[in-house]
>>> print(open('entry-v6.json').read())   # JSON, C-alpha atoms and all ligand atoms
[["chain", "number", "residue", "atom", "x", "y", "z"],
["A", 1, "MET", "CA", -27.48, 34.78, 97.73],
["A", 2, "PHE", "CA", -24.52, 36.71, 99.16],
["A", 3, "THR", "CA", -22.63, 39.62, 97.68],
["A", 4, "LYS", "CA", -19.06, 38.79, 96.76],
["A", 5, "VAL", "CA", -16.74, 41.39, 98.26],
["A", 6, "PRO", "CA", -13.36, 42.33, 96.76],
["A", 7, "ILE", "CA", -10.16, 40.92, 98.29],
["A", 8, "GLU", "CA", -9.18, 44.29, 99.76],
["A", 9, "GLU", "CA", -12.23, 44.27, 102.02],
["A", 10, "ILE", "CA", -11.26, 43.17, 105.54],
["A", 11, "ILE", "CA", -13.69, 40.65, 106.99],
["A", 12, "ILE", "CA", -12.01, 39.37, 110.14],
["A", 13, "ARG", "CA", -9.11, 40.02, 112.50],
["A", 14, "PRO", "CA", -8.31, 38.64, 115.97],
["A", 15, "PRO", "CA", -10.04, 40.45, 118.91],
["A", 16, "VAL", "CA", -6.65, 41.75, 120.06],
["A", 17, "GLU", "CA", -6.18, 43.50, 116.69],
["A", 18, "GLY", "CA", -9.46, 45.47, 116.78],
["A", 19, "SER", "CA", -9.47, 48.44, 114.39],
["A", 20, "SER", "CA", -9.41, 50.92, 117.28],
["A", 21, "LEU", "CA", -6.25, 49.25, 118.57],
["A", 22, "SER", "CA", -4.41, 48.34, 115.38],
["A", 23, "THR", "CA", -4.00, 49.53, 111.82],
["A", 24, "LEU", "CA", -5.55, 46.92, 109.53],
["A", 25, "ILE", "CA", -4.05, 46.58, 106.06],
["A", 26, "ALA", "CA", -5.44, 43.99, 103.62],
["A", 27, "VAL", "CA", -2.73, 41.86, 101.99],
["A", 28, "THR", "CA", -4.69, 38.80, 100.93],
["A", 29, "GLY", "CA", -8.43, 38.24, 100.75],
["A", 30, "GLY", "CA", -10.35, 35.09, 101.68],
["A", 31, "CYS", "CA", -8.58, 31.89, 102.69],
["A", 32, "SER", "CA", -6.39, 29.78, 100.39],
["A", 33, "TRP", "CA", -7.83, 26.61, 101.97],
["A", 34, "ASN", "CA", -11.47, 27.48, 102.78],
["A", 35, "LYS", "CA", -12.47, 23.86, 103.43],
["A", 36, "CYS", "CA", -12.66, 23.54, 107.22],
["A", 37, "LYS", "CA", -15.98, 21.99, 108.12],
["A", 38, "PHE", "CA", -16.68, 24.32, 111.05],
["A", 39, "CYS", "CA", -15.73, 27.56, 109.26],
["A", 40, "ASN", "CA", -18.06, 29.85, 107.37],
["A", 41, "THR", "CA", -16.00, 33.02, 107.65],
["A", 42, "TYR", "CA", -15.65, 33.56, 103.91],
["A", 43, "LYS", "CA", -18.86, 31.72, 103.02],
["A", 44, "GLY", "CA", -21.47, 34.08, 104.38],
["A", 45, "ALA", "CA", -20.94, 34.29, 108.15],
["A", 46, "TYR", "CA", -20.60, 38.05, 107.83],
["A", 47, "GLY", "CA", -23.33, 38.39, 105.20],
["A", 48, "VAL", "CA", -20.82, 38.31, 102.31],
["A", 49, "ILE", "CA", -18.52, 35.85, 100.57],
["A", 50, "GLN", "CA", -14.93, 36.44, 99.53],
["A", 51, "ASP", "CA", -12.68, 34.51, 97.16],
["A", 52, "TYR", "CA", -9.02, 33.95, 97.91],
["A", 53, "GLY", "CA", -6.60, 36.36, 96.26],
["A", 54, "ILE", "CA", -3.31, 38.18, 96.76],
["A", 55, "ARG", "CA", -3.48, 41.95, 96.34],
["A", 56, "PRO", "CA", -1.16, 43.74, 93.92],
["A", 57, "ILE", "CA", 1.80, 45.03, 95.93],
["A", 58, "GLU", "CA", 1.29, 48.61, 94.68],
["A", 59, "ASP", "CA", -2.24, 48.64, 96.13],
["A", 60, "VAL", "CA", -0.97, 47.45, 99.52],
["A", 61, "LYS", "CA", 1.80, 50.07, 99.44],
["A", 62, "ASN", "CA", -0.77, 52.76, 98.62],
["A", 63, "ASP", "CA", -2.70, 51.77, 101.76],
["A", 64, "ILE", "CA", 0.49, 51.94, 103.82],
["A", 65, "ASP", "CA", 1.22, 55.41, 102.37],
["A", 66, "TYR", "CA", -2.31, 56.47, 103.27],
["A", 67, "TYR", "CA", -1.85, 55.49, 106.94],
["A", 68, "ALA", "CA", 1.56, 57.17, 107.02],
["A", 69, "ASN", "CA", 0.03, 60.37, 105.57],
["A", 70, "ILE", "CA", -2.73, 60.52, 108.17],
["A", 71, "ASN", "CA", -0.04, 60.09, 110.87],
["A", 72, "ARG", "CA", -1.27, 56.76, 112.13],
["A", 73, "HIS", "CA", 2.05, 56.09, 113.76],
["A", 74, "GLY", "CA", 2.67, 54.17, 116.99],
["A", 75, "PHE", "CA", -0.04, 51.52, 116.53],
["A", 76, "PRO", "CA", 0.36, 47.78, 115.87],
["A", 77, "VAL", "CA", -0.18, 46.79, 112.23],
["A", 78, "PHE", "CA", -2.25, 43.74, 111.32],
["A", 79, "LEU", "CA", -1.77, 42.43, 107.79],
["A", 80, "ALA", "CA", -5.24, 41.15, 107.02],
["A", 81, "GLY", "CA", -6.65, 38.24, 105.05],
["A", 82, "GLY", "CA", -7.21, 34.60, 106.00],
["A", 83, "ASN", "CA", -3.56, 33.70, 105.56],
["A", 84, "PRO", "CA", -1.13, 36.30, 104.14],
["A", 85, "THR", "CA", 1.70, 33.80, 104.71],
["A", 86, "SER", "CA", 0.32, 31.94, 101.67],
["A", 87, "ALA", "CA", 1.80, 34.77, 99.56],
["A", 88, "PRO", "CA", 5.37, 34.55, 98.20],
["A", 89, "THR", "CA", 7.99, 35.37, 100.84],
["A", 90, "ASP", "CA", 9.63, 38.20, 98.88],
["A", 91, "TYR", "CA", 6.26, 39.90, 98.34],
["A", 92, "LEU", "CA", 5.40, 39.66, 102.05],
["A", 93, "ALA", "CA", 8.87, 40.72, 103.22],
["A", 94, "GLU", "CA", 8.71, 43.79, 100.95],
["A", 95, "ILE", "CA", 5.35, 44.78, 102.46],
["A", 96, "ILE", "CA", 6.55, 44.32, 106.04],
["A", 97, "LYS", "CA", 9.69, 46.38, 105.33],
["A", 98, "TYR", "CA", 7.57, 49.09, 103.73],
["A", 99, "VAL", "CA", 5.34, 49.21, 106.82],
["A", 100, "ARG", "CA", 8.44, 49.59, 109.01],
["A", 101, "LEU", "CA", 9.84, 52.28, 106.71],
["A", 102, "LYS", "CA", 6.72, 54.42, 106.34],
["A", 103, "ILE", "CA", 4.85, 54.04, 109.61],
["A", 104, "HIS", "CA", 6.86, 54.98, 112.68],
["A", 105, "ASN", "CA", 7.09, 53.25, 116.05],
["A", 106, "VAL", "CA", 5.04, 50.22, 115.08],
["A", 107, "PRO", "CA", 5.10, 48.03, 118.19],
["A", 108, "ARG", "CA", 3.94, 44.87, 116.39],
["A", 109, "VAL", "CA", 3.38, 43.56, 112.85],
["A", 110, "SER", "CA", 1.20, 40.46, 112.73],
["A", 111, "CYS", "CA", -1.01, 38.35, 110.47],
["A", 112, "TYR", "CA", -3.02, 35.13, 110.34],
["A", 113, "SER", "CA", -1.26, 32.06, 109.07],
["A", 114, "LYS", "CA", -1.92, 28.45, 108.23],
["A", 115, "ALA", "CA", 0.41, 25.56, 109.15],
["A", 116, "LEU", "CA", 0.73, 24.46, 105.51],
["A", 117, "ASP", "CA", 1.98, 27.94, 104.50],
["A", 118, "ILE", "CA", 4.73, 27.63, 107.08],
["A", 119, "LEU", "CA", 5.68, 24.09, 106.12],
["A", 120, "ARG", "CA", 6.01, 25.19, 102.49],
["A", 121, "LYS", "CA", 8.49, 27.93, 103.40],
["A", 122, "THR", "CA", 12.14, 27.19, 104.10],
["A", 123, "GLU", "CA", 13.79, 28.17, 107.37],
["A", 124, "GLU", "CA", 15.63, 30.92, 105.46],
["A", 125, "GLU", "CA", 12.35, 32.30, 104.15],
["A", 126, "LEU", "CA", 10.87, 32.46, 107.64],
["A", 127, "LYS", "CA", 14.02, 34.12, 108.91],
["A", 128, "LYS", "CA", 13.64, 36.65, 106.09],
["A", 129, "LEU", "CA", 10.11, 37.49, 107.31],
["A", 130, "ALA", "CA", 11.34, 37.78, 110.90],
["A", 131, "ASP", "CA", 14.21, 40.05, 109.80],
["A", 132, "ALA", "CA", 11.79, 42.20, 107.81],
["A", 133, "GLY", "CA", 9.86, 42.76, 111.05],
["A", 134, "LEU", "CA", 7.07, 40.18, 111.28],
["A", 135, "ASP", "CA", 6.59, 39.78, 115.04],
["A", 136, "ILE", "CA", 3.76, 37.32, 115.53],
["A", 137, "VAL", "CA", 1.39, 35.08, 113.60],
["A", 138, "TYR", "CA", -2.05, 33.90, 114.73],
["A", 139, "MET", "CA", -2.66, 30.31, 113.72],
["A", 140, "GLY", "CA", -5.60, 27.96, 114.23],
["A", 141, "LEU", "CA", -4.36, 24.77, 115.86],
["A", 142, "GLU", "CA", -8.07, 24.17, 116.65],
["A", 143, "SER", "CA", -7.29, 20.69, 118.03],
["A", 144, "GLY", "CA", -4.20, 18.60, 118.68],
["A", 145, "SER", "CA", -6.12, 15.48, 117.73],
["A", 146, "SER", "CA", -5.32, 14.29, 114.20],
["A", 147, "LYS", "CA", -8.65, 12.45, 114.22],
["A", 148, "VAL", "CA", -10.59, 15.64, 114.95],
["A", 149, "LEU", "CA", -8.50, 17.64, 112.45],
["A", 150, "ARG", "CA", -9.21, 15.05, 109.74],
["A", 151, "ILE", "CA", -12.95, 14.98, 110.44],
["A", 152, "MET", "CA", -13.01, 18.78, 110.40],
["A", 153, "ARG", "CA", -11.03, 18.87, 107.12],
["A", 154, "LYS", "CA", -8.39, 21.17, 108.58],
["A", 155, "GLY", "CA", -5.95, 19.95, 105.92],
["A", 156, "THR", "CA", -3.25, 19.22, 108.46],
["A", 157, "ASN", "CA", -2.50, 16.87, 111.36],
["A", 158, "ALA", "CA", -0.97, 17.08, 114.81],
["A", 159, "GLU", "CA", 2.57, 16.35, 113.68],
["A", 160, "SER", "CA", 2.54, 19.01, 110.94],
["A", 161, "MET", "CA", 1.16, 21.50, 113.45],
["A", 162, "ILE", "CA", 4.05, 20.71, 115.79],
["A", 163, "LYS", "CA", 6.56, 21.06, 112.94],
["A", 164, "ALA", "CA", 5.09, 24.35, 111.74],
["A", 165, "GLY", "CA", 4.90, 25.79, 115.26],
["A", 166, "LYS", "CA", 8.50, 24.94, 116.09],
["A", 167, "LYS", "CA", 9.70, 26.21, 112.71],
["A", 168, "LEU", "CA", 8.11, 29.61, 113.34],
["A", 169, "LEU", "CA", 9.48, 29.92, 116.86],
["A", 170, "ASN", "CA", 12.97, 28.85, 115.72],
["A", 171, "ALA", "CA", 12.87, 31.57, 113.08],
["A", 172, "GLY", "CA", 12.19, 34.16, 115.79],
["A", 173, "ILE", "CA", 8.50, 34.73, 115.00],
["A", 174, "LYS", "CA", 6.12, 34.60, 117.95],
["A", 175, "LEU", "CA", 3.19, 32.23, 117.71],
["A", 176, "SER", "CA", -0.37, 32.61, 118.98],
["A", 177, "LEU", "CA", -2.41, 29.39, 118.60],
["A", 178, "TYR", "CA", -6.19, 29.12, 118.71],
["A", 179, "ILE", "CA", -7.89, 26.13, 120.35],
["A", 180, "ILE", "CA", -11.58, 25.50, 119.69],
["A", 181, "LEU", "CA", -13.32, 24.02, 122.73],
["A", 182, "GLY", "CA", -15.94, 21.45, 121.75],
["A", 183, "LEU", "CA", -14.49, 20.79, 118.29],
["A", 184, "GLY", "CA", -14.47, 17.02, 118.88],
["A", 185, "GLY", "CA", -18.15, 17.12, 119.88],
["A", 186, "LYS", "CA", -19.16, 14.70, 122.62],
["A", 187, "LYS", "CA", -17.75, 11.70, 120.73],
["A", 188, "TYR", "CA", -14.11, 12.84, 120.52],
["A", 189, "SER", "CA", -13.95, 15.18, 123.51],
["A", 190, "LYS", "CA", -11.38, 13.02, 125.38],
["A", 191, "ASP", "CA", -9.11, 12.71, 122.36],
["A", 192, "HIS", "CA", -9.43, 16.44, 121.69],
["A", 193, "VAL", "CA", -8.36, 17.23, 125.27],
["A", 194, "THR", "CA", -5.38, 14.87, 125.64],
["A", 195, "GLU", "CA", -3.97, 15.45, 122.17],
["A", 196, "THR", "CA", -4.39, 19.24, 122.35],
["A", 197, "ALA", "CA", -2.50, 19.28, 125.65],
["A", 198, "ARG", "CA", 0.22, 17.10, 124.07],
["A", 199, "VAL", "CA", 0.64, 19.31, 120.99],
["A", 200, "LEU", "CA", 0.69, 22.51, 123.07],
["A", 201, "THR", "CA", 3.32, 20.97, 125.33],
["A", 202, "GLU", "CA", 5.45, 19.99, 122.32],
["A", 203, "ILE", "CA", 5.27, 23.45, 120.76],
["A", 204, "ASN", "CA", 5.20, 25.66, 123.87],
["A", 205, "PRO", "CA", 3.76, 28.55, 121.81],
["A", 206, "THR", "CA", 4.21, 32.15, 122.89],
["A", 207, "ILE", "CA", 0.45, 32.40, 123.44],
["A", 208, "PHE", "CA", -2.53, 30.12, 123.16],
["A", 209, "ARG", "CA", -6.12, 31.29, 123.12],
["A", 210, "PHE", "CA", -9.37, 29.46, 123.63],
["A", 211, "ARG", "CA", -12.56, 29.99, 121.74],
["A", 212, "THR", "CA", -15.72, 27.89, 121.88],
["A", 213, "LEU", "CA", -17.32, 26.09, 118.96],
["A", 214, "ASN", "CA", -20.42, 27.69, 117.53],
["A", 215, "ILE", "CA", -21.85, 26.38, 114.30],
["A", 216, "GLY", "CA", -22.97, 28.79, 111.59],
["A", 217, "PRO", "CA", -25.62, 27.87, 109.01],
["A", 218, "HIS", "CA", -23.20, 28.22, 106.09],
["A", 219, "SER", "CA", -20.69, 25.73, 107.43],
["A", 220, "ASP", "CA", -20.72, 22.02, 106.54],
["A", 221, "LEU", "CA", -20.73, 21.14, 110.24],
["A", 222, "TRP", "CA", -24.18, 22.72, 110.48],
["A", 223, "THR", "CA", -25.62, 19.86, 108.35],
["A", 224, "ASP", "CA", -23.92, 17.22, 110.54],
["A", 225, "TRP", "CA", -25.33, 18.89, 113.63],
["A", 226, "LYS", "CA", -28.85, 19.16, 112.16],
["A", 227, "ASN", "CA", -28.69, 15.47, 111.14],
["A", 228, "GLY", "CA", -27.67, 14.51, 114.67],
["A", 229, "ASP", "CA", -24.22, 13.35, 113.52],
["A", 230, "PHE", "CA", -22.42, 15.93, 115.68],
["A", 231, "GLU", "CA", -23.26, 16.77, 119.29],
["A", 232, "LEU", "CA", -22.38, 20.18, 120.69],
["A", 233, "LEU", "CA", -21.05, 20.48, 124.23],
["A", 234, "SER", "CA", -22.91, 22.44, 126.89],
["A", 235, "PRO", "CA", -21.21, 25.54, 128.41],
["A", 236, "VAL", "CA", -20.10, 23.57, 131.44],
["A", 237, "GLU", "CA", -18.73, 20.73, 129.27],
["A", 238, "ASN", "CA", -16.69, 23.30, 127.32],
["A", 239, "LEU", "CA", -15.28, 24.63, 130.59],
["A", 240, "ILE", "CA", -14.42, 21.08, 131.67],
["A", 241, "GLU", "CA", -12.53, 20.60, 128.37],
["A", 242, "GLU", "CA", -10.56, 23.78, 129.03],
["A", 243, "ARG", "CA", -9.80, 22.69, 132.60],
["A", 244, "ASP", "CA", -8.66, 19.24, 131.41],
["A", 245, "ILE", "CA", -6.44, 20.69, 128.65],
["A", 246, "ILE", "CA", -4.71, 22.92, 131.21],
["A", 247, "ALA", "CA", -4.43, 20.03, 133.70],
["A", 248, "ASN", "CA", -2.81, 17.78, 131.04],
["A", 249, "LEU", "CA", -0.14, 20.28, 129.95],
["A", 250, "GLY", "CA", 3.49, 19.30, 130.53],
["A", 251, "GLU", "CA", 5.62, 21.04, 133.12],
["A", 252, "ASN", "CA", 7.71, 22.93, 130.54],
["A", 253, "ILE", "CA", 4.94, 25.07, 129.09],
["A", 254, "THR", "CA", 5.27, 28.79, 129.77],
["A", 255, "SER", "CA", 2.74, 30.24, 127.28],
["A", 256, "GLN", "CA", 0.49, 33.20, 127.86],
["A", 257, "VAL", "CA", -3.14, 32.02, 127.87],
["A", 258, "PHE", "CA", -6.22, 34.05, 126.94],
["A", 259, "ASN", "CA", -9.98, 33.52, 126.77],
["A", 260, "ASP", "CA", -10.48, 36.75, 124.81],
["A", 261, "HIS", "CA", -13.17, 35.57, 122.39],
["A", 262, "ILE", "CA", -16.86, 36.40, 122.70],
["A", 263, "SER", "CA", -17.78, 32.72, 122.35],
["A", 264, "ASN", "CA", -16.15, 31.73, 125.66],
["A", 265, "TYR", "CA", -17.82, 31.15, 129.02],
["A", 266, "CYS", "CA", -14.96, 32.54, 131.09],
["A", 267, "ASP", "CA", -12.33, 35.24, 130.62],
["A", 268, "ILE", "CA", -9.44, 33.91, 132.67],
["A", 269, "GLU", "CA", -5.97, 34.79, 131.42],
["A", 270, "THR", "CA", -2.36, 34.56, 132.48],
["A", 271, "PRO", "CA", 1.01, 35.86, 131.28],
["A", 272, "ASN", "CA", 2.56, 32.46, 132.14],
["A", 273, "ILE", "CA", 0.59, 29.25, 132.55],
["A", 274, "LYS", "CA", 3.49, 27.52, 134.30],
["A", 275, "GLU", "CA", 3.28, 30.04, 137.15],
["A", 276, "ASP", "CA", -0.50, 30.37, 137.20],
["A", 277, "ARG", "CA", -1.63, 26.85, 136.47],
["A", 278, "GLU", "CA", -3.10, 26.26, 139.97],
["A", 279, "MET", "CA", -4.98, 29.59, 139.89],
["A", 280, "PHE", "CA", -6.30, 28.76, 136.42],
["A", 281, "LEU", "CA", -7.51, 25.30, 137.47],
["A", 282, "LYS", "CA", -9.06, 26.54, 140.71],
["A", 283, "THR", "CA", -10.94, 29.32, 138.91],
["A", 284, "LEU", "CA", -12.19, 26.93, 136.23],
["A", 285, "ASP", "CA", -13.32, 24.47, 138.93],
["A", 286, "TYR", "CA", -15.18, 27.29, 140.65],
["A", 287, "TYR", "CA", -17.04, 28.06, 137.41],
["A", 288, "ILE", "CA", -17.67, 24.40, 136.64],
["A", 289, "ASN", "CA", -19.20, 23.76, 140.08],
["A", 290, "HIS", "CA", -21.22, 26.97, 140.21],
["A", 291, "PRO", "CA", -24.99, 26.16, 140.04],
["A", 292, "ARG", "CA", -25.68, 29.13, 137.75],
["A", 293, "ILE", "CA", -23.03, 28.04, 135.23],
["A", 294, "LYS", "CA", -24.29, 24.45, 135.32],
["A", 295, "ASN", "CA", -27.65, 25.64, 133.98],
["A", 296, "LEU", "CA", -26.31, 28.28, 131.61],
["A", 297, "PRO", "CA", -27.76, 28.05, 128.08],
["A", 298, "ARG", "CA", -25.39, 27.96, 125.09],
["A", 299, "LYS", "CA", -24.67, 31.30, 123.41],
["A", 300, "ASN", "CA", -25.54, 29.83, 120.00],
["A", 301, "LEU", "CA", -23.65, 32.43, 118.03],
["A", 302, "THR", "CA", -23.79, 31.84, 114.29],
["A", 303, "ARG", "CA", -20.10, 32.62, 113.74],
["A", 304, "MET", "CA", -16.93, 31.09, 115.04],
["A", 401, "LIG", "S1", -10.67, 27.98, 109.71],
["A", 401, "LIG", "FE1", -9.01, 29.19, 108.84],
["A", 401, "LIG", "S2", -7.98, 27.75, 107.44],
["A", 401, "LIG", "FE2", -9.98, 26.86, 107.87],
["A", 401, "LIG", "S3", -11.29, 27.59, 106.21],
["A", 401, "LIG", "FE3", -11.54, 29.03, 107.91],
["A", 401, "LIG", "S4", -10.09, 30.68, 107.52],
["A", 401, "LIG", "FE4", -9.48, 28.92, 106.24]]
>>> encode(input="entry-v6.json", output="structure tokens")
Amino acid sequence: MFTKVPIEEIIIRPPVEGSSLSTLIAVTGGCSWNKCKFCNTYKGAYGVIQDYGIRPIEDVKNDIDYYANINRHGFPVFLAGGNPTSAPTDYLAEIIKYVRLKIHNVPRVSCYSKALDILRKTEEELKKLADAGLDIVYMGLESGSSKVLRIMRKGTNAESMIKAGKKLLNAGIKLSLYIILGLGGKKYSKDHVTETARVLTEINPTIFRFRTLNIGPHSDLWTDWKNGDFELLSPVENLIEERDIIANLGENITSQVFNDHISNYCDIETPNIKEDREMFLKTLDYYINHPRIKNLPRKNLTRM
């Protein structure tokens, strides 16, 4: 039904790494896991499917040479693919070093990652990636609740997320975690909130970002939802989850927080949640109690 696209074709990147802002270079294609119940990214969400694969290093280097030749210096570089950290460390370190060598004044080199990739690597390997010049990885925590993660087939649990997060930060690589509001549905909303706040507090990531659950027709969660086995939250219930996660954070947490995804119902952000927690909560309460927001329909996007 869908065309299969080659692994060098870039399907997604975080909003902050938009192609007008960053240089996008494909390293892997697809996702090495590809089993999360809520995710249809590589299964047709964008009208195509893509298998997992690691690109030949010469092809990646050719792309880097191309960007160097057209003088695309001074921009952040995003190494694309569902999880380039699934690739062998030496391969990835060589690519990052080559980016740093060929493209000048790169303020940031980043990529997506999965907790299991990080747990499989030794501390020395992560240090090697940091020394090569990997600045930040974007990782889906999605939920701090092991129950929710198991139901959603994330392939990891809260404790491995904490371990992976701390391992990255200890190696000197910044960490941006994604939280999906509404991922526990109505049934596990409380657990999703308290456990997510606990895991964030344990990790104290550099950044955490909210997005809101939307179910696409090519995800397995779509069937659960259609059968009535999963109940989506309303916009105001998603905002209440966000408020409660922030309210439950420990005192130590100093992360930057963003709502920079199209799926969200607010766009509040802060460079330090410890300093801005009261502002954040007050603003969320304002939204939650606003009559217009209370009656707001869901966006019903068909992608995450
Ligand atoms: S959510 Fe991430 S890890 Fe899960 S299947 Fe999608 S791309 Fe892979």
>>> closest_residue(input="entry-v6.json", among="A:Ser143, A:Thr156, A:Ser110, A:Asn204", to="Leu24 in chain A", atoms="all atoms listed in the file")
A:Ser110
>>> residues_near_ligand(input="entry-v6.json", ligand="ligand LIG 401 (chain A)", cutoff="7 Å", atoms="all atoms listed in the file", output="PyMOL selection string")
chain A and resi 31-36+39-41+82+114+140+154
>>> residues_around(input="entry-v6.json", residues="Asn300 in chain A", least_positions_apart="2", cutoff="12 Å", atoms="all atoms listed in the file", output="mmCIF file with C-alpha atoms, keeping the file's coordinate frame")
data_model
loop_
_atom_site.group_PDB
_atom_site.id
_atom_site.type_symbol
_atom_site.label_atom_id
_atom_site.label_comp_id
_atom_site.auth_asym_id
_atom_site.auth_seq_id
_atom_site.Cartn_x
_atom_site.Cartn_y
_atom_site.Cartn_z
ATOM 1 C CA THR A 212 -15.720 27.890 121.880
ATOM 2 C CA LEU A 213 -17.320 26.090 118.960
ATOM 3 C CA ASN A 214 -20.420 27.690 117.530
ATOM 4 C CA ILE A 215 -21.850 26.380 114.300
ATOM 5 C CA GLY A 216 -22.970 28.790 111.590
ATOM 6 C CA PRO A 217 -25.620 27.870 109.010
ATOM 7 C CA TRP A 222 -24.180 22.720 110.480
ATOM 8 C CA LEU A 232 -22.380 20.180 120.690
ATOM 9 C CA LEU A 233 -21.050 20.480 124.230
ATOM 10 C CA SER A 234 -22.910 22.440 126.890
ATOM 11 C CA PRO A 235 -21.210 25.540 128.410
ATOM 12 C CA ILE A 262 -16.860 36.400 122.700
ATOM 13 C CA SER A 263 -17.780 32.720 122.350
ATOM 14 C CA ASN A 264 -16.150 31.730 125.660
ATOM 15 C CA TYR A 265 -17.820 31.150 129.020
ATOM 16 C CA LEU A 296 -26.310 28.280 131.610
ATOM 17 C CA PRO A 297 -27.760 28.050 128.080
ATOM 18 C CA ARG A 298 -25.390 27.960 125.090
ATOM 19 C CA THR A 302 -23.790 31.840 114.290
ATOM 20 C CA ARG A 303 -20.100 32.620 113.740
ATOM 21 C CA MET A 304 -16.930 31.090 115.040
#
>>> residues_around(input="entry-v6.json", residues="Ala247 in chain A", least_positions_apart="3", cutoff="9 Å", atoms="all atoms listed in the file", output="ChimeraX atom specification")
/A:197,242-244,250,277-278,281
>>> write_last_selection(input="entry-v6.json", atoms="C-alpha atoms", output="mmCIF file, keeping the file's coordinate frame")
data_model
loop_
_atom_site.group_PDB
_atom_site.id
_atom_site.type_symbol
_atom_site.label_atom_id
_atom_site.label_comp_id
_atom_site.auth_asym_id
_atom_site.auth_seq_id
_atom_site.Cartn_x
_atom_site.Cartn_y
_atom_site.Cartn_z
ATOM 1 C CA ALA A 197 -2.500 19.280 125.650
ATOM 2 C CA GLU A 242 -10.560 23.780 129.030
ATOM 3 C CA ARG A 243 -9.800 22.690 132.600
ATOM 4 C CA ASP A 244 -8.660 19.240 131.410
ATOM 5 C CA GLY A 250 3.490 19.300 130.530
ATOM 6 C CA ARG A 277 -1.630 26.850 136.470
ATOM 7 C CA GLU A 278 -3.100 26.260 139.970
ATOM 8 C CA LEU A 281 -7.510 25.300 137.470
#
>>> residues_near_point(input="entry-v6.json", point="(8.3, 30.1, 121.3)", cutoff="12 Å", atoms="all atoms listed in the file", output="PyMOL selection string")
chain A and resi 135-137+162+164-177+200-208+252-256
>>> atom_distance(input="entry-v6.json", atom1="CA of Ile151 in chain A", atom2="CA of Lys187 in chain A")
11.8 Å
>>> closest_residue(input="entry-v6.json", among="A:Thr122, A:Asn295, A:Asn105, A:Asn289", to="Ile240 in chain A", atoms="all atoms listed in the file")
A:Asn289
>>> atom_distance(input="entry-v6.json", atom1="CA of Thr23 in chain A", atom2="CA of Val60 in chain A")
12.8 Å
>>> closest_residue(input="entry-v6.json", among="A:Asn69, A:Thr196, A:Ser19, A:Thr3", to="Ile49 in chain A", atoms="only C-alpha atoms")
A:Thr3
>>> atom_distance(input="entry-v6.json", atom1="CA of Asp191 in chain A", atom2="CA of Ser145 in chain A")
6.2 Å
>>> closest_residue(input="entry-v6.json", among="A:Lys128, A:Arg211, A:His290, A:Lys163", to="Ala93 in chain A", atoms="only C-alpha atoms")
A:Lys128
>>> closest_residue(input="entry-v6.json", among="A:Arg13, A:Leu21, A:His261, A:Phe230", to="Leu301 in chain A", atoms="all atoms listed in the file")
A:His261
>>> residues_near_point(input="entry-v6.json", point="(-11.3, 32.7, 98.6)", cutoff="7 Å", atoms="only C-alpha atoms", output="list in words")
Gly29, Gly30, Cys31, Ser32, Asn34, Tyr42, Gln50, Asp51, Tyr52 and Gly53 of chain A
>>> residues_around(input="entry-v6.json", residues="Ala87 in chain A", least_positions_apart="2", cutoff="10 Å", atoms="all atoms listed in the file", output="list in words")
Val27, Thr28, Ser32, Gly53, Ile54, Arg55, Asn83, Pro84, Thr85, Thr89, Asp90, Tyr91, Leu92, Ala93 and Asp117 of chain A
>>> closest_residue(input="entry-v6.json", among="A:Ile25, A:Gly228, A:Ser146, A:Met1", to="Lys186 in chain A", atoms="only C-alpha atoms")
A:Gly228
>>> residues_around(input="entry-v6.json", residues="Tyr178 in chain A", least_positions_apart="6", cutoff="7 Å", atoms="only C-alpha atoms", output="PyMOL selection string")
chain A and resi 139-142+208-210
>>> write_last_selection(input="entry-v6.json", atoms="C-alpha atoms", output="CSV table (one decimal), in the coordinates of the input")
chain,number,residue,atom,x,y,z
A,139,MET,CA,-2.7,30.3,113.7
A,140,GLY,CA,-5.6,28.0,114.2
A,141,LEU,CA,-4.4,24.8,115.9
A,142,GLU,CA,-8.1,24.2,116.6
A,208,PHE,CA,-2.5,30.1,123.2
A,209,ARG,CA,-6.1,31.3,123.1
A,210,PHE,CA,-9.4,29.5,123.6
>>> axis_aligned_box(input="entry-v6.json", around="range 219-225 of chain A", padding_each_side="8 Å", output="AutoDock Vina command-line options")
--center_x -23.2 --center_y 21.5 --center_z 110.1 --size_x 20.9 --size_y 24.5 --size_z 23.1
